[in-house]
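The next block is protein.txt, given as compact mmCIF, C-alpha atoms and all ligand atoms.
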```txt
# COMPACT_ATOMS: atom_id res chain seq x y z
CA MET T 1 -71.32 34.57 -34.85
CA THR T 2 -68.86 37.14 -36.26
CA LEU T 3 -66.46 35.71 -38.80
CA PHE T 4 -62.82 36.30 -37.80
CA THR T 5 -60.32 36.72 -40.63
CA LEU T 6 -56.65 35.93 -39.97
CA ARG T 7 -54.23 37.63 -42.39
CA TRP T 8 -51.20 35.46 -43.12
CA GLY T 9 -47.68 36.31 -44.25
CA ILE T 10 -45.91 33.30 -45.75
CA ILE T 11 -42.17 32.85 -45.24
CA SER T 12 -40.50 30.81 -48.01
CA THR T 13 -41.84 29.22 -51.17
CA GLY T 14 -40.80 25.56 -50.84
CA TRP T 15 -42.83 22.36 -50.91
CA ILE T 16 -44.50 22.65 -47.53
CA ALA T 17 -45.42 26.32 -48.06
CA GLU T 18 -47.21 25.27 -51.25
CA GLN T 19 -49.23 22.63 -49.36
CA VAL T 20 -50.13 24.87 -46.42
CA VAL T 21 -51.17 27.83 -48.58
CA SER T 22 -53.31 25.58 -50.79
CA ASP T 23 -55.12 24.44 -47.64
CA LEU T 24 -55.51 28.02 -46.34
CA LEU T 25 -57.53 28.78 -49.49
CA VAL T 26 -59.95 25.85 -49.02
CA ASP T 27 -63.44 27.09 -48.05
CA PRO T 28 -63.52 26.52 -44.25
CA THR T 29 -67.20 25.57 -44.30
CA THR T 30 -66.26 22.36 -46.16
CA ARG T 31 -64.72 21.17 -42.87
CA GLY T 32 -67.44 22.58 -40.63
CA THR T 33 -65.51 25.73 -39.71
CA ASN T 34 -67.88 28.70 -39.63
CA ASP T 35 -66.15 31.10 -37.21
CA VAL T 36 -62.73 31.75 -38.82
CA VAL T 37 -61.38 32.28 -42.31
CA HIS T 38 -57.87 32.74 -43.73
CA LYS T 39 -56.45 35.35 -46.08
CA VAL T 40 -52.92 35.28 -47.47
CA THR T 41 -51.78 38.92 -47.65
CA ALA T 42 -48.00 38.62 -48.23
CA VAL T 43 -45.41 36.12 -49.40
CA GLY T 44 -41.69 36.48 -48.63
CA SER T 45 -38.90 34.69 -50.43
CA ARG T 46 -35.17 35.20 -50.86
CA SER T 47 -36.17 36.26 -54.39
CA VAL T 48 -39.07 38.58 -55.22
CA ALA T 49 -39.59 36.75 -58.53
CA LYS T 50 -40.06 33.48 -56.65
CA ALA T 51 -42.51 35.15 -54.27
CA GLN T 52 -44.53 36.49 -57.23
CA LYS T 53 -44.49 33.09 -58.98
CA PHE T 54 -45.70 31.46 -55.77
CA ILE T 55 -48.61 33.94 -55.60
CA ASP T 56 -49.41 33.27 -59.27
CA ASP T 57 -49.32 29.49 -58.82
CA PHE T 58 -50.74 29.01 -55.30
CA VAL T 59 -52.71 32.15 -54.36
CA ASN T 60 -54.68 32.32 -57.62
CA GLY T 61 -52.50 35.19 -58.85
CA ASP T 62 -54.31 37.45 -56.35
CA LYS T 63 -53.12 41.01 -57.11
CA THR T 64 -53.82 42.17 -53.55
CA VAL T 65 -51.12 39.82 -52.16
CA LYS T 66 -47.72 41.51 -51.71
CA ALA T 67 -44.62 39.72 -53.06
CA TYR T 68 -41.43 40.50 -51.12
CA GLY T 69 -37.81 39.60 -51.85
CA THR T 70 -36.91 39.50 -48.14
CA TYR T 71 -38.53 37.90 -45.13
CA ASP T 72 -38.10 41.09 -43.06
CA GLU T 73 -40.50 43.00 -45.29
CA VAL T 74 -43.22 40.45 -44.48
CA TYR T 75 -42.63 40.86 -40.72
CA ALA T 76 -42.95 44.66 -41.17
CA ASP T 77 -46.16 44.51 -43.26
CA LYS T 78 -49.08 46.09 -41.36
CA ASN T 79 -51.56 43.91 -43.27
CA VAL T 80 -50.08 40.73 -41.81
CA ASP T 81 -51.30 39.35 -38.45
CA ALA T 82 -49.62 35.94 -38.40
CA ILE T 83 -46.48 34.53 -39.97
CA TYR T 84 -46.19 30.97 -41.29
CA ILE T 85 -42.57 29.75 -41.43
CA GLY T 86 -41.74 26.97 -43.92
CA THR T 87 -37.94 27.26 -44.17
CA PRO T 88 -35.51 24.38 -43.42
CA HIS T 89 -35.18 23.44 -39.71
CA THR T 90 -31.97 25.33 -39.03
CA TYR T 91 -33.57 28.63 -40.07
CA HIS T 92 -36.67 28.29 -37.89
CA TYR T 93 -35.10 29.88 -34.82
CA THR T 94 -33.87 33.05 -36.56
CA ASN T 95 -36.98 33.45 -38.72
CA ALA T 96 -39.35 32.97 -35.77
CA LEU T 97 -37.30 35.27 -33.54
CA ASP T 98 -37.42 38.07 -36.12
CA ALA T 99 -41.18 37.63 -36.60
CA LEU T 100 -41.93 37.56 -32.86
CA LYS T 101 -39.82 40.67 -32.24
CA ALA T 102 -41.90 42.39 -34.93
CA LYS T 103 -44.93 41.43 -32.76
CA LYS T 104 -46.40 39.01 -35.26
CA HIS T 105 -48.12 35.78 -34.22
CA VAL T 106 -46.12 32.77 -35.45
CA LEU T 107 -46.91 29.28 -36.72
CA CYS T 108 -43.54 27.57 -37.33
CA GLU T 109 -43.00 24.28 -39.16
CA LYS T 110 -41.85 21.17 -37.33
CA PRO T 111 -39.29 20.56 -35.92
CA VAL T 112 -39.91 23.95 -34.36
CA THR T 113 -36.19 24.49 -33.67
CA CYS T 114 -32.91 22.52 -33.70
CA ASN T 115 -32.88 22.02 -29.94
CA ALA T 116 -34.85 22.67 -26.75
CA ALA T 117 -32.71 25.68 -25.77
CA GLU T 118 -33.63 27.54 -28.96
CA LEU T 119 -37.29 26.75 -28.35
CA ARG T 120 -37.25 28.02 -24.77
CA SER T 121 -35.72 31.26 -26.04
CA LEU T 122 -38.49 31.66 -28.65
CA ILE T 123 -41.24 30.98 -26.12
CA ALA T 124 -39.78 33.64 -23.82
CA THR T 125 -39.64 36.11 -26.73
CA ALA T 126 -43.25 35.36 -27.71
CA LYS T 127 -44.41 35.98 -24.14
CA GLU T 128 -42.37 39.22 -23.85
CA ASN T 129 -44.01 40.48 -27.04
CA GLY T 130 -47.49 39.24 -26.12
CA VAL T 131 -47.94 37.20 -29.29
CA PHE T 132 -49.14 33.68 -30.11
CA PHE T 133 -46.53 31.08 -30.97
CA MET T 134 -47.00 27.44 -32.03
CA GLU T 135 -45.16 24.62 -33.75
CA ALA T 136 -47.06 23.44 -36.85
CA LEU T 137 -47.74 19.93 -35.51
CA TRP T 138 -50.77 19.65 -37.80
CA THR T 139 -51.57 16.03 -36.88
CA ARG T 140 -52.83 17.03 -33.43
CA PHE T 141 -55.65 19.17 -34.88
CA GLN T 142 -57.04 16.65 -37.35
CA PRO T 143 -60.48 15.13 -36.66
CA LEU T 144 -59.07 11.58 -36.44
CA ALA T 145 -56.54 12.57 -33.77
CA LYS T 146 -59.19 14.41 -31.75
CA GLU T 147 -61.52 11.40 -31.89
CA VAL T 148 -58.74 8.95 -30.89
CA LYS T 149 -57.87 11.24 -27.99
CA GLU T 150 -61.50 11.24 -26.79
CA LEU T 151 -61.61 7.44 -27.01
CA ILE T 152 -58.39 7.13 -24.98
CA ASP T 153 -59.59 9.57 -22.32
CA SER T 154 -62.98 7.83 -22.04
CA GLY T 155 -61.18 4.92 -20.35
CA THR T 156 -63.18 2.31 -22.33
CA LEU T 157 -59.92 0.57 -23.26
CA GLY T 158 -58.33 0.91 -19.82
CA LEU T 159 -54.86 2.40 -19.49
CA PRO T 160 -52.37 2.54 -22.39
CA VAL T 161 -49.40 0.23 -21.88
CA VAL T 162 -47.29 0.23 -25.06
CA VAL T 163 -47.20 2.47 -28.17
CA HIS T 164 -45.48 1.34 -31.38
CA ALA T 165 -45.12 4.04 -34.03
CA ASP T 166 -43.03 4.57 -37.13
CA PHE T 167 -42.81 7.22 -39.79
CA SER T 168 -40.59 6.54 -42.74
CA VAL T 169 -40.20 8.00 -46.22
CA ASP T 170 -37.97 6.65 -48.97
CA PHE T 171 -36.28 9.85 -50.16
CA GLY T 172 -33.97 7.98 -52.57
CA ILE T 173 -31.03 9.48 -50.69
CA GLU T 174 -28.36 8.00 -52.99
CA LYS T 175 -29.66 10.25 -55.78
CA LEU T 176 -30.25 13.43 -53.75
CA PRO T 177 -27.80 16.33 -54.02
CA LEU T 178 -25.62 16.61 -50.91
CA THR T 179 -27.14 20.07 -50.35
CA HIS T 180 -30.68 18.64 -50.02
CA ARG T 181 -32.16 19.50 -46.63
CA MET T 182 -32.57 15.79 -45.74
CA LEU T 183 -28.85 15.14 -46.26
CA ASP T 184 -27.10 18.39 -45.37
CA PRO T 185 -26.08 18.57 -41.67
CA LYS T 186 -26.02 22.39 -42.00
CA LEU T 187 -29.79 22.21 -42.68
CA GLY T 188 -30.37 19.80 -39.77
CA GLY T 189 -30.61 16.84 -42.18
CA GLY T 190 -31.52 13.31 -41.18
CA ALA T 191 -34.57 11.34 -40.08
CA ILE T 192 -34.98 12.31 -36.43
CA LEU T 193 -35.75 16.02 -36.81
CA ASP T 194 -37.75 15.68 -40.02
CA LEU T 195 -39.71 12.44 -39.50
CA GLY T 196 -39.28 11.86 -35.75
CA PRO T 197 -41.97 14.38 -34.69
CA TYR T 198 -44.73 12.09 -36.01
CA PRO T 199 -44.15 8.89 -34.00
CA LEU T 200 -43.63 11.22 -31.04
CA ILE T 201 -46.83 13.21 -31.50
CA TRP T 202 -48.88 10.02 -31.11
CA THR T 203 -46.88 9.19 -27.98
CA ILE T 204 -47.52 12.65 -26.56
CA LEU T 205 -51.24 12.36 -27.36
CA ALA T 206 -51.62 8.82 -25.95
CA LEU T 207 -49.20 8.91 -23.00
CA TYR T 208 -47.96 12.39 -22.04
CA GLU T 209 -51.46 13.90 -22.35
CA HIS T 210 -53.14 10.93 -20.67
CA PRO T 211 -55.10 12.07 -17.60
CA ALA T 212 -53.28 9.47 -15.44
CA ASN T 213 -49.88 10.93 -16.42
CA LYS T 214 -50.57 14.42 -14.98
CA ARG T 215 -48.30 15.96 -17.64
CA THR T 216 -45.26 14.15 -16.16
CA LYS T 217 -42.20 14.07 -18.40
CA PRO T 218 -40.76 10.68 -19.45
CA SER T 219 -38.61 8.95 -16.85
CA ASN T 220 -36.25 7.67 -19.54
CA VAL T 221 -35.39 8.22 -23.20
CA THR T 222 -33.03 5.98 -25.16
CA GLY T 223 -32.06 6.28 -28.79
CA THR T 224 -29.84 4.66 -31.36
CA MET T 225 -28.98 5.83 -34.86
CA TYR T 226 -27.57 4.45 -38.08
CA LYS T 227 -25.88 7.38 -39.82
CA THR T 228 -25.52 7.33 -43.57
CA PRO T 229 -21.92 7.47 -44.82
CA ILE T 230 -23.15 9.91 -47.51
CA THR T 231 -23.08 12.91 -45.14
CA GLY T 232 -23.17 11.43 -41.61
CA VAL T 233 -26.76 12.45 -40.79
CA ASP T 234 -29.09 9.88 -39.19
CA CYS T 235 -30.75 7.62 -41.74
CA ASN T 236 -32.50 5.17 -39.39
CA THR T 237 -33.29 6.09 -35.80
CA SER T 238 -35.07 4.11 -33.07
CA TYR T 239 -36.05 5.64 -29.75
CA ILE T 240 -37.84 4.43 -26.67
CA VAL T 241 -39.71 6.82 -24.41
CA THR T 242 -40.74 5.51 -20.97
CA PHE T 243 -43.32 7.02 -18.62
CA SER T 244 -43.25 5.87 -14.97
CA PRO T 245 -45.49 6.48 -11.96
CA ASN T 246 -44.27 9.51 -10.04
CA SER T 247 -45.34 10.37 -6.50
CA SER T 248 -44.31 14.02 -6.75
CA THR T 249 -46.58 14.72 -9.74
CA GLY T 250 -49.24 12.15 -8.87
CA SER T 251 -48.78 10.24 -12.13
CA THR T 252 -49.96 6.64 -12.04
CA LEU T 253 -49.14 5.86 -15.67
CA ALA T 254 -46.59 3.13 -16.47
CA ALA T 255 -46.19 2.97 -20.24
CA GLN T 256 -43.59 2.81 -22.94
CA ALA T 257 -43.38 4.02 -26.55
CA VAL T 258 -41.18 2.17 -29.06
CA LEU T 259 -40.62 4.56 -31.96
CA SER T 260 -38.68 4.69 -35.20
CA CYS T 261 -38.12 6.78 -38.30
CA SER T 262 -36.19 6.13 -41.50
CA MET T 263 -35.47 8.15 -44.61
CA ASN T 264 -34.57 5.23 -46.89
CA VAL T 265 -37.67 3.01 -46.71
CA ALA T 266 -41.42 3.52 -47.08
CA SER T 267 -43.89 3.52 -44.17
CA HIS T 268 -45.90 0.42 -43.37
CA ASN T 269 -49.26 -0.39 -41.76
CA PRO T 270 -50.43 0.16 -39.15
CA GLY T 271 -48.28 3.25 -38.64
CA VAL T 272 -49.28 3.55 -34.99
CA THR T 273 -50.44 0.80 -32.62
CA ILE T 274 -51.56 1.81 -29.13
CA ARG T 275 -51.96 -1.24 -26.88
CA PHE T 276 -54.24 -0.87 -23.84
CA GLU T 277 -55.27 -3.14 -20.97
CA LYS T 278 -58.58 -3.87 -22.69
CA GLY T 279 -57.90 -3.43 -26.39
CA THR T 280 -55.84 -1.93 -29.21
CA ILE T 281 -56.03 1.13 -31.44
CA MET T 282 -54.35 0.74 -34.86
CA ILE T 283 -53.87 3.88 -36.95
CA ASP T 284 -53.19 3.65 -40.66
CA ALA T 285 -50.16 5.20 -42.32
CA PRO T 286 -49.31 7.91 -43.20
CA VAL T 287 -49.13 8.82 -39.52
CA PRO T 288 -48.89 12.61 -40.08
CA CYS T 289 -52.42 12.63 -41.59
CA PRO T 290 -54.13 9.26 -41.19
CA LEU T 291 -57.66 8.84 -42.51
CA ARG T 292 -58.54 5.49 -40.94
CA TYR T 293 -58.16 3.74 -37.62
CA THR T 294 -59.40 0.47 -36.14
CA VAL T 295 -60.21 -0.33 -32.52
CA GLN T 296 -60.15 -3.87 -31.19
CA TYR T 297 -62.00 -4.45 -27.91
CA PHE T 298 -60.91 -7.49 -25.89
CA GLN T 299 -63.40 -9.90 -24.34
CA GLU T 300 -64.15 -9.10 -20.72
CA GLY T 301 -61.45 -10.75 -18.59
CA LYS T 302 -59.71 -12.26 -21.65
CA PRO T 303 -56.87 -9.94 -22.72
CA GLY T 304 -55.88 -10.41 -26.36
CA GLU T 305 -59.12 -12.18 -27.35
CA ILE T 306 -61.00 -9.83 -29.64
CA ALA T 307 -64.70 -9.40 -28.91
CA ARG T 308 -65.41 -6.57 -31.32
CA GLU T 309 -63.61 -4.48 -33.94
CA ASP T 310 -64.62 -1.00 -35.21
CA THR T 311 -63.07 0.83 -38.15
CA ARG T 312 -63.54 4.58 -38.61
CA THR T 313 -62.68 6.50 -41.77
CA PHE T 314 -62.42 10.26 -42.35
CA GLU T 315 -62.49 12.54 -45.36
CA TYR T 316 -62.31 16.29 -45.92
CA VAL T 317 -61.58 18.80 -48.65
CA GLY T 318 -57.88 19.71 -48.65
CA SER T 319 -54.90 17.87 -47.23
CA GLY T 320 -55.27 18.44 -43.48
CA TRP T 321 -52.99 21.41 -42.85
CA HIS T 322 -55.98 23.79 -42.49
CA PHE T 323 -57.09 22.40 -39.12
CA GLN T 324 -53.98 23.81 -37.41
CA ALA T 325 -54.56 27.16 -39.17
CA ASP T 326 -58.11 27.29 -37.76
CA GLU T 327 -56.63 26.71 -34.29
CA VAL T 328 -54.17 29.60 -34.77
CA ALA T 329 -56.99 31.90 -35.91
CA ARG T 330 -59.17 31.01 -32.92
CA CYS T 331 -56.29 31.47 -30.46
CA VAL T 332 -55.36 34.86 -31.97
CA ARG T 333 -59.02 35.94 -31.96
CA ASP T 334 -59.31 34.95 -28.29
CA GLY T 335 -56.03 36.62 -27.25
CA LYS T 336 -54.32 33.34 -26.33
CA LEU T 337 -50.53 33.09 -26.46
CA GLU T 338 -50.50 29.30 -26.90
CA SER T 339 -52.81 26.53 -28.04
CA GLU T 340 -54.08 24.04 -25.50
CA LEU T 341 -54.00 21.26 -28.10
CA TRP T 342 -50.33 21.72 -29.04
CA SER T 343 -49.08 23.75 -26.12
CA HIS T 344 -45.53 24.95 -25.54
CA ASP T 345 -44.78 22.18 -23.03
CA LYS T 346 -45.46 19.53 -25.70
CA SER T 347 -43.02 21.10 -28.16
CA ILE T 348 -40.44 21.42 -25.37
CA LEU T 349 -40.87 17.74 -24.53
CA GLU T 350 -40.44 16.87 -28.22
CA MET T 351 -37.23 18.89 -28.55
CA GLU T 352 -35.84 17.49 -25.27
CA VAL T 353 -36.42 13.94 -26.56
CA PHE T 354 -34.63 14.80 -29.82
CA ASP T 355 -31.71 16.43 -27.96
CA GLU T 356 -31.28 13.26 -25.91
CA VAL T 357 -31.64 10.88 -28.89
CA ARG T 358 -29.06 12.92 -30.86
CA ARG T 359 -26.71 12.95 -27.84
CA GLN T 360 -26.94 9.15 -27.45
CA GLY T 361 -26.74 8.64 -31.21
CA GLY T 362 -23.68 10.87 -31.51
CA TYR T 363 -25.27 13.26 -34.02
CA LYS T 364 -23.79 16.74 -33.54
CA PHE T 365 -24.70 19.64 -35.81
CA PRO T 366 -21.80 21.60 -37.32
CA ASP T 367 -20.57 24.50 -35.17
CA GLY T 368 -22.79 27.59 -35.31
CA ILE T 369 -25.94 25.78 -36.45
CA GLU T 370 -27.57 25.80 -33.01
CA LYS T 371 -28.12 29.48 -32.21
CA VAL T 372 -28.85 28.85 -28.52
CA LEU T 373 -27.13 26.13 -26.51
CA LEU T 374 -27.99 24.80 -23.06
N1 LIG N 1 -45.77 19.61 -41.82
C1 LIG N 1 -45.37 18.79 -42.77
O1 LIG N 1 -46.06 17.85 -43.15
C2 LIG N 1 -44.05 19.03 -43.43
C3 LIG N 1 -43.76 18.39 -44.63
C4 LIG N 1 -42.54 18.67 -45.26
C5 LIG N 1 -41.65 19.54 -44.67
N2 LIG N 1 -41.96 20.12 -43.47
C6 LIG N 1 -41.00 21.03 -42.82
O2 LIG N 1 -40.96 22.25 -43.57
C7 LIG N 1 -39.65 22.73 -43.64
C8 LIG N 1 -39.26 22.94 -45.11
O3 LIG N 1 -39.41 21.73 -45.82
P1 LIG N 1 -39.66 21.71 -47.42
O4 LIG N 1 -39.74 20.30 -47.81
O5 LIG N 1 -40.75 22.64 -47.78
O6 LIG N 1 -38.27 22.31 -47.92
P2 LIG N 1 -37.95 22.99 -49.31
O7 LIG N 1 -38.90 22.54 -50.38
O8 LIG N 1 -36.50 22.83 -49.53
O9 LIG N 1 -38.30 24.54 -49.06
C9 LIG N 1 -37.63 25.31 -48.12
C10 LIG N 1 -37.73 26.78 -48.50
O10 LIG N 1 -37.03 27.54 -47.51
C11 LIG N 1 -36.43 28.67 -48.10
N3 LIG N 1 -35.01 28.71 -47.68
C12 LIG N 1 -34.43 29.69 -46.95
N4 LIG N 1 -33.13 29.45 -46.76
C13 LIG N 1 -32.85 28.30 -47.39
C14 LIG N 1 -31.66 27.54 -47.57
N5 LIG N 1 -30.49 27.94 -47.07
N6 LIG N 1 -31.73 26.41 -48.28
C15 LIG N 1 -32.89 26.00 -48.79
N7 LIG N 1 -34.06 26.67 -48.67
C16 LIG N 1 -34.04 27.82 -47.98
C17 LIG N 1 -36.58 28.55 -49.61
O11 LIG N 1 -37.62 29.45 -49.99
P3 LIG N 1 -37.28 30.88 -50.63
O12 LIG N 1 -36.17 30.64 -51.61
O13 LIG N 1 -38.54 31.28 -51.25
O14 LIG N 1 -36.84 31.81 -49.54
C18 LIG N 1 -37.04 27.12 -49.83
O15 LIG N 1 -37.92 27.01 -50.91
C19 LIG N 1 -38.76 21.74 -42.90
O16 LIG N 1 -38.50 22.21 -41.59
C20 LIG N 1 -39.60 20.47 -42.84
O17 LIG N 1 -39.39 19.67 -41.68
C21 LIG N 1 -43.14 19.89 -42.87
```
Could you render the structure from this file as structure tokens?
Ligand SMILES: NC(=O)c1ccc[n+]([C@@H]2O[C@H](COP(=O)([O-])OP(=O)(O)OC[C@H]3O[C@@H](n4cnc5c(N)ncnc54)[C@H](OP(=O)(O)O)[C@@H]3O)[C@@H](O)[C@H]2O)c1
Amino acid sequence: MTLFTLRWGIISTGWIAEQVVSDLLVDPTTRGTNDVVHKVTAVGSRSVAKAQKFIDDFVNGDKTVKAYGTYDEVYADKNVDAIYIGTPHTYHYTNALDALKAKKHVLCEKPVTCNAAELRSLIATAKENGVFFMEALWTRFQPLAKEVKELIDSGTLGLPVVVHADFSVDFGIEKLPLTHRMLDPKLGGGAILDLGPYPLIWTILALYEHPANKRTKPSNVTGTMYKTPITGVDCNTSYIVTFSPNSSTGSTLAAQAVLSCSMNVASHNPGVTIRFEKGTIMIDAPVPCPLRYTVQYFQEGKPGEIAREDTRTFEYVGSGWHFQADEVARCVRDGKLESELWSHDKSILEMEVFDEVRRQGGYKFPDGIEKVLL
């Protein structure tokens, strides 16, 4: 098999860019990947000195990697095939738009945009320019998530009925500067956009993607927020996503997800519980990159009485961001404009849920932050 090399241009030099680039440099064969490999060819920052320091610290000081003091120079670089965007949420739309118009493939951090309207605009631009575009929902590509998905689809546990999922991080918000991206409304601060994608990704995997659901959107979304008096962004958010049988799509799934995210308390275990007719799947925290899950099988005809319990653990070199990069490389190699695993419709569903939860929770971004409105 020919080895395909994807050449990456990195946009921004913050925390997540450090993690993702470190994973791009991990030898792919350590995770059983033998068909694609990654090469960082350019790094763009608002400061060329920062870009160079990032290359020195995270790309082994590789002299062949270009350091740029603007993002536009990365989009224009002929030695870059795909752009990775790691800026704060409220910059994703503009950064991705510029990259797509330059005909670069794009992997954009979660939440992919501030709202569903911005996302629809980006998807249209990607299609017009014939390039690949995906939200960096890395969880969906990890081996544990793929195995859980296979178990769900096998039907051994019957149909899913209720999902409980939480993702919380104690950011110590009282001590953060008001300009920190978690607190600043101008940067899309708050729990829902930053942490909310993770409880939702497990819901999308278990319920939206379930064969019985026929890709039917939720029949109802409700949300409630506690907003911190520090800056008014959401600190604790709970949201319920309901899927109902639907004769026009053929869906026979009746299931509900009870989800939450907080930025002032740590996560707890299990981070995700998926309750089925014939058993339960419990996934350990942290839910963005879990390494262990347990399945309880109920006794035949005795719901709730546990006949058997299996625990599965996973390990790999790196931190788990490289699996999504392998997917991007394979899609680009194969001329695909979207990934089947985290396809455009799943990101749209995610952003529509967040729009609705923010509407019900009364969280409006400052004027001008959302670049495209409904
Ligand atoms: N997938 C995950 O697990 C994960 C984890 C954490 C965060 N994220 C996502 O990644 C994004 C960035 O998070 P982060 O924690 O890496 O943030 P961060 O450490 O603050 O880094 C953001 C970077 O964006 C650039 N930037 C451009 N305009 C900026 C502005 N006005 N203010 C601040 N920075 C600006 C800066 O790089 P330059 O100065 O070099 O241009 C900065 O270093 C967020 O959307 C977040 O949701 C994802």
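Each of T:Asp57, T:Glu340, T:Asp81, T:Glu300 was compared to Lys39 of chain T using all atoms listed in the file, and T:Asp81 turns out to be the nearest.
Distances to Gly318 of chain T were evaluated for T:Leu119, T:Ala124, T:Leu144, T:Leu25 using all atoms listed in the file, and the minimum falls at T:Leu25.
With atom CA of Ile152 of chain T on one side and atom CA of Ile348 of chain T on the other, the separation reads 22.9 Å.
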Just want the residues within 9 Å of ligand LIG 1 (chain N), written as a PyMOL selection string, counting all atoms listed in the file. chain T and resi 11-20+43-48+50-51+54+69-71+85-92+108-113+136-139+179-182+186-188+193-195+288-289+321
Show me, as a ChimeraX atom specification, the residues that have an atom within 12 Å of Val287 of chain T when counting only C-alpha atoms, minus same-chain residues fewer than 3 positions from it. /T:137-140,142,144-145,164-169,195-203,261,267-273,282-284,290-293
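The spacing separating atom CA of Ser251 of chain T from atom CA of Gly301 of chain T amounts to 25.4 Å.
Within 7 Å of segment 352-359 of chain T, once only C-alpha atoms are used and residues closer than 4 positions along the same chain are dropped, the contacting residues are T:Asn115, T:Ala116, T:Val221, T:Thr222, T:Gly223, T:Thr224, T:Tyr239, T:Ile348, T:Tyr363.
Comparing T:Val162, T:Ala49, T:Ala82, T:Val328 by their smallest distance to Ala67 of chain T, the closest is T:Ala49 (using all atoms listed in the file).
Interatomic distance, atom CA of Val59 of chain T against atom CA of Thr30 of chain T: 18.6 Å.
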Using all atoms listed in the file, can you tell me which of T:Asn264, T:Lys78, T:Ser219, T:Lys214 comes closest to Asp170 of chain T? T:Asn264
With all atoms listed in the file as the counted atoms, please give the residues lying no more than 10 Å from Leu100 of chain T, apart from itself and same-chain residues fewer than 3 positions off, as number ranges by chain. T: 75, 82-83, 94-97, 103-106, 122-123, 125-133
When you look at Asp234 of chain T with a cut-off of 6 Å (counting all atoms listed in the file), what residues show up, excluding the ones that are within fewer than 3 positions of it in the same chain? I need them as a PyMOL selection string. chain T and resi 190-191+225-227
